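So the structure is just underneath, and the comments pick up after that.
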Amino acid sequence: MGERAQTEKKSRCILICAGDLEIAEIPERQEGDLVIAVDGGYLYCQVLGIEPDVVLGDFDSLEEDSREQIGAGRRMISLNPVKDDTDTLAALRFGLAEGYREFHLYGALGGRLEHTLANLQCLLFLKREGASGYIWDSCSMTTVIENESLTFRGEMEGMLSVFAMGGTAEGVGEMGLRYQLDQAVLTETFPVGISNEFIGEQAEVSVKKGALLIIVRWA
């Protein structure tokens, strides 16, 4: 009973990464949240007045004096720079080990293209670990679904794009959008799912077999 209560109390794992951080503020911390500053993301935390619970990375993007300023009251995890995991993936593994299953990443886009691609792949990693992940910037949210559906409220505005991820996606449906798909097959060589539009109706994106990268853009 105690273990169950502890699991239910956990809320979100929030990662502040070292890419481009265009968002003005991070949503207010909720009880049970775990905030991880990923390497140079600690500098963003300083600017935004965020107190991370954990600072994790190989710290190749932090100057020595910045490392010294991390100070007491936070858990600092230093990673060997010679490693297979990116700093972001290592932070996600840490959050999973702590029992979190909902992850929100900020500063995970932009910067070096290879880091952006790696972070997008991390969303599929989370999905296959039984967790959900969301990458946020000032005008978009990116997530992954696999063998499931995702529903959007009727008041949603903006554009929605879907891409096959990790192989062919079969039985893809897009309903309640300007352009609809029914039992479509999406491949990684033909981006037919780009730039659909919300039209003031409840919308749903679904995939029967495979994974979809979903990008919602509202500006």
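Lettering and numbering for the structure tokens are positional, with chains as A, B, ... in the shown order, residues counted from 1 in each chain, and ligands counted from 1 in the shown order.
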Q) Leaving out Phe59 of chain A and any residue of its chain fewer than 5 positions from it, which residues lie within 8 Å of it when counting only C-alpha atoms, given as a PyMOL selection string? A) chain A and resi 39-40+67+78-79
How would the residues just chosen look if you wrote them out with C-alpha atoms as an mmCIF file, in the first residue's frame?
data_model
loop_
_atom_site.group_PDB
_atom_site.id
_atom_site.type_symbol
_atom_site.label_atom_id
_atom_site.label_comp_id
_atom_site.auth_asym_id
_atom_site.auth_seq_id
_atom_site.Cartn_x
_atom_site.Cartn_y
_atom_site.Cartn_z
ATOM 1 C CA ASP A 39 24.447 19.797 -18.356
ATOM 2 C CA GLY A 40 24.362 23.365 -19.761
ATOM 3 C CA ARG A 67 30.139 23.962 -11.982
ATOM 4 C CA SER A 78 28.843 13.730 -13.163
ATOM 5 C CA LEU A 79 28.904 11.492 -16.223
#
Q: Name all residues at most 9 Å from Arg101 of chain A (count only C-alpha atoms; drop same-chain ones fewer than 5 positions away) and give them as a VMD selection string.
A: chain A and resid 10 to 13 95 to 96 126 129 to 133
Q. Using only C-alpha atoms, which of A:Asp53, A:Glu188, A:Asp20, A:Glu146 sits nearest Asp33 of chain A?
A. A:Asp53
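Between atom CA of Asp87 of chain A and atom CA of Gly99 of chain A lies a distance of 18.8 Å.
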Q: Can you list, as JSON, numbers by chain, all residues belonging to segment 110-164 of chain A that DSSP tags as helix (DSSP H, G or I)?
A: {"A": [113, 114, 115, 116, 117, 118, 119, 120, 121, 122, 123, 124, 125, 126, 127, 128]}
Can those selected residues be exported to a file as a tab-separated table (two decimals), in the first residue's frame so that it contains N, CA and C atoms?
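Result file selection18.tsv:
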chain	number	residue	atom	x	y	z
A	113	LEU	N	22.09	20.09	-34.70
A	113	LEU	CA	21.07	19.26	-35.32
A	113	LEU	C	21.12	17.83	-34.80
A	114	GLU	N	22.32	17.29	-34.58
A	114	GLU	CA	22.42	15.91	-34.13
A	114	GLU	C	21.81	15.73	-32.74
A	115	HIS	N	21.90	16.78	-31.91
A	115	HIS	CA	21.28	16.71	-30.58
A	115	HIS	C	19.76	16.74	-30.69
A	116	THR	N	19.25	17.56	-31.60
A	116	THR	CA	17.80	17.59	-31.82
A	116	THR	C	17.29	16.23	-32.26
A	117	LEU	N	17.97	15.60	-33.22
A	117	LEU	CA	17.55	14.29	-33.70
A	117	LEU	C	17.63	13.25	-32.59
A	118	ALA	N	18.69	13.32	-31.80
A	118	ALA	CA	18.84	12.38	-30.68
A	118	ALA	C	17.70	12.54	-29.68
A	119	ASN	N	17.30	13.78	-29.41
A	119	ASN	CA	16.22	14.02	-28.45
A	119	ASN	C	14.88	13.55	-28.98
A	120	LEU	N	14.66	13.68	-30.29
A	120	LEU	CA	13.43	13.15	-30.89
A	120	LEU	C	13.39	11.63	-30.76
A	121	GLN	N	14.51	10.99	-30.95
A	121	GLN	CA	14.56	9.54	-30.77
A	121	GLN	C	14.33	9.15	-29.32
A	122	CYS	N	14.71	10.02	-28.40
A	122	CYS	CA	14.47	9.75	-26.98
A	122	CYS	C	12.98	9.64	-26.67
A	123	LEU	N	12.14	10.33	-27.43
A	123	LEU	CA	10.70	10.23	-27.22
A	123	LEU	C	10.21	8.82	-27.52
A	124	LEU	N	10.76	8.19	-28.55
A	124	LEU	CA	10.40	6.80	-28.86
A	124	LEU	C	10.96	5.87	-27.80
A	125	PHE	N	12.16	6.16	-27.31
A	125	PHE	CA	12.72	5.37	-26.20
A	125	PHE	C	11.79	5.39	-25.00
A	126	LEU	N	11.29	6.56	-24.63
A	126	LEU	CA	10.38	6.66	-23.50
A	126	LEU	C	9.11	5.86	-23.73
A	127	LYS	N	8.55	5.97	-24.93
A	127	LYS	CA	7.32	5.25	-25.24
A	127	LYS	C	7.52	3.75	-25.05
A	128	ARG	N	8.64	3.24	-25.49
A	128	ARG	CA	8.89	1.81	-25.39
A	128	ARG	C	9.30	1.38	-23.99
**Q.** Ile16 of chain A environment, 12 Å, only C-alpha atoms, sequence neighbours closer than 6 positions dropped, as number ranges by chain
**A.** A: 22-23, 25-27, 34-48, 50-57, 87-88, 91-92, 103-109, 135-137
For the residues in that selection, give me C-alpha atoms as a compact mmCIF listing (two decimals), in the first residue's frame.
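Printed below is selection31.txt as written:
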# COMPACT_ATOMS: atom_id res chain seq x y z
CA GLU A 22 12.75 30.00 -26.54
CA ILE A 23 10.00 29.57 -23.97
CA GLU A 25 8.90 30.35 -18.47
CA ILE A 26 8.48 26.76 -17.39
CA PRO A 27 5.07 25.70 -16.00
CA LEU A 34 11.43 16.08 -10.29
CA VAL A 35 13.39 18.81 -12.08
CA ILE A 36 16.67 17.82 -13.74
CA ALA A 37 19.09 20.34 -15.21
CA VAL A 38 20.88 18.55 -18.04
CA ASP A 39 24.45 19.80 -18.36
CA GLY A 40 24.36 23.36 -19.76
CA GLY A 41 20.64 23.49 -19.01
CA TYR A 42 21.73 24.52 -15.52
CA LEU A 43 22.53 27.97 -16.93
CA TYR A 44 18.92 28.29 -18.13
CA CYS A 45 17.77 27.35 -14.64
CA GLN A 46 19.82 30.21 -13.24
CA VAL A 47 18.32 32.70 -15.68
CA LEU A 48 14.74 31.50 -15.10
CA ILE A 50 14.46 27.44 -11.38
CA GLU A 51 15.85 25.33 -8.57
CA PRO A 52 16.66 21.89 -10.05
CA ASP A 53 16.62 18.85 -7.83
CA VAL A 54 19.37 17.18 -9.84
CA VAL A 55 22.12 18.54 -12.08
CA LEU A 56 23.34 15.82 -14.44
CA GLY A 57 25.81 15.71 -17.30
CA ASP A 87 23.26 13.52 -21.37
CA THR A 88 19.54 13.78 -22.08
CA ALA A 91 18.70 11.98 -17.45
CA LEU A 92 15.67 10.12 -18.78
CA PHE A 103 8.53 13.53 -18.96
CA HIS A 104 8.55 17.15 -20.17
CA LEU A 105 11.66 18.40 -21.96
CA TYR A 106 12.58 22.06 -22.47
CA GLY A 107 15.61 23.29 -24.40
CA ALA A 108 15.70 19.97 -26.27
CA LEU A 109 15.45 21.46 -29.79
CA ILE A 135 9.26 18.31 -26.00
CA TRP A 136 8.17 21.94 -25.67
CA ASP A 137 9.33 25.20 -27.17
Using DSSP assignments from the backbone, pull out every residue in segment 26-112 of chain A that falls under strand (DSSP E or B) and give it to me as a JSON list (two decimals) with C-alpha atoms, in the first residue's frame.
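The file below, part.json, is the result:
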[["chain", "number", "residue", "atom", "x", "y", "z"],
["A", 34, "LEU", "CA", 11.43, 16.08, -10.29],
["A", 35, "VAL", "CA", 13.39, 18.81, -12.08],
["A", 36, "ILE", "CA", 16.67, 17.82, -13.74],
["A", 37, "ALA", "CA", 19.09, 20.34, -15.21],
["A", 38, "VAL", "CA", 20.88, 18.55, -18.04],
["A", 54, "VAL", "CA", 19.37, 17.18, -9.84],
["A", 55, "VAL", "CA", 22.12, 18.54, -12.08],
["A", 56, "LEU", "CA", 23.34, 15.82, -14.44],
["A", 57, "GLY", "CA", 25.81, 15.71, -17.30],
["A", 75, "ARG", "CA", 22.26, 16.30, -6.27],
["A", 76, "MET", "CA", 25.04, 16.54, -8.83],
["A", 77, "ILE", "CA", 25.67, 13.55, -11.09],
["A", 78, "SER", "CA", 28.84, 13.73, -13.16],
["A", 102, "GLU", "CA", 5.65, 11.46, -17.60],
["A", 103, "PHE", "CA", 8.53, 13.53, -18.96],
["A", 104, "HIS", "CA", 8.55, 17.15, -20.17],
["A", 105, "LEU", "CA", 11.66, 18.40, -21.96],
["A", 106, "TYR", "CA", 12.58, 22.06, -22.47],
["A", 109, "LEU", "CA", 15.45, 21.46, -29.79]]
Q. When you draw a straight line from atom CA of Thr189 of chain A to atom CA of Thr143 of chain A, how long is it in Å?
A. 19.8 Å
Q. What lies within 8 Å of segment 171-182 of chain A using only C-alpha atoms, ignoring chain neighbours under 2 positions off, as a ChimeraX atom specification?
A. /A:169,184-186,196-199,201-209
Write the residues you've just listed into a file as a tab-separated table (two decimals), in the first residue's frame, and include N, CA and C atoms for each of them.
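The result, stored in result07.tsv:
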chain	number	residue	atom	x	y	z
A	169	ALA	N	4.58	2.98	-40.43
A	169	ALA	CA	3.42	3.09	-39.55
A	169	ALA	C	2.18	2.71	-40.34
A	184	ALA	N	-4.24	4.70	-43.39
A	184	ALA	CA	-3.11	5.03	-44.27
A	184	ALA	C	-1.83	4.33	-43.79
A	185	VAL	N	-0.90	4.21	-44.71
A	185	VAL	CA	0.43	3.67	-44.41
A	185	VAL	C	1.43	4.80	-44.59
A	186	LEU	N	2.15	5.15	-43.53
A	186	LEU	CA	3.17	6.20	-43.58
A	186	LEU	C	4.55	5.56	-43.52
A	196	ASN	N	-1.03	19.47	-41.37
A	196	ASN	CA	-2.49	19.40	-41.32
A	196	ASN	C	-2.99	20.55	-40.44
A	197	GLU	N	-4.31	20.77	-40.39
A	197	GLU	CA	-4.83	21.93	-39.67
A	197	GLU	C	-6.00	21.54	-38.77
A	198	PHE	N	-6.03	22.13	-37.58
A	198	PHE	CA	-7.19	21.99	-36.71
A	198	PHE	C	-8.32	22.86	-37.26
A	199	ILE	N	-9.57	22.40	-37.13
A	199	ILE	CA	-10.70	23.11	-37.74
A	199	ILE	C	-11.83	23.35	-36.73
A	201	GLU	N	-12.91	21.24	-34.40
A	201	GLU	CA	-13.57	20.00	-33.99
A	201	GLU	C	-12.63	19.17	-33.14
A	202	GLN	N	-13.19	18.26	-32.35
A	202	GLN	CA	-12.33	17.31	-31.66
A	202	GLN	C	-11.59	16.48	-32.69
A	203	ALA	N	-10.29	16.38	-32.53
A	203	ALA	CA	-9.48	15.68	-33.52
A	203	ALA	C	-8.81	14.47	-32.88
A	204	GLU	N	-8.48	13.51	-33.71
A	204	GLU	CA	-7.82	12.31	-33.22
A	204	GLU	C	-6.80	11.83	-34.23
A	205	VAL	N	-5.63	11.47	-33.73
A	205	VAL	CA	-4.60	10.82	-34.55
A	205	VAL	C	-4.40	9.43	-33.98
A	206	SER	N	-4.37	8.43	-34.83
A	206	SER	CA	-4.23	7.06	-34.37
A	206	SER	C	-3.30	6.27	-35.28
A	207	VAL	N	-2.71	5.23	-34.75
A	207	VAL	CA	-1.88	4.32	-35.52
A	207	VAL	C	-2.07	2.92	-34.96
A	208	LYS	N	-2.38	1.97	-35.82
A	208	LYS	CA	-2.63	0.61	-35.37
A	208	LYS	C	-1.35	-0.19	-35.17
A	209	LYS	N	-0.37	0.04	-36.03
A	209	LYS	CA	0.88	-0.70	-35.94
A	209	LYS	C	2.04	0.21	-36.30
Q: Please measure the separation of atom CA of Gly154 of chain A and atom CA of Pro191 of chain A, giving the value in Å to one decimal.
A: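 Between atom CA of Gly154 of chain A and atom CA of Pro191 of chain A the gap is 25.2 Å.
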Q.
I need the residue nearest Gly166 of chain A from this list: A:Gly193, A:Gly200, A:Gly111, A:Leu213. Use only C-alpha atoms for the distance.
A. A:Leu213
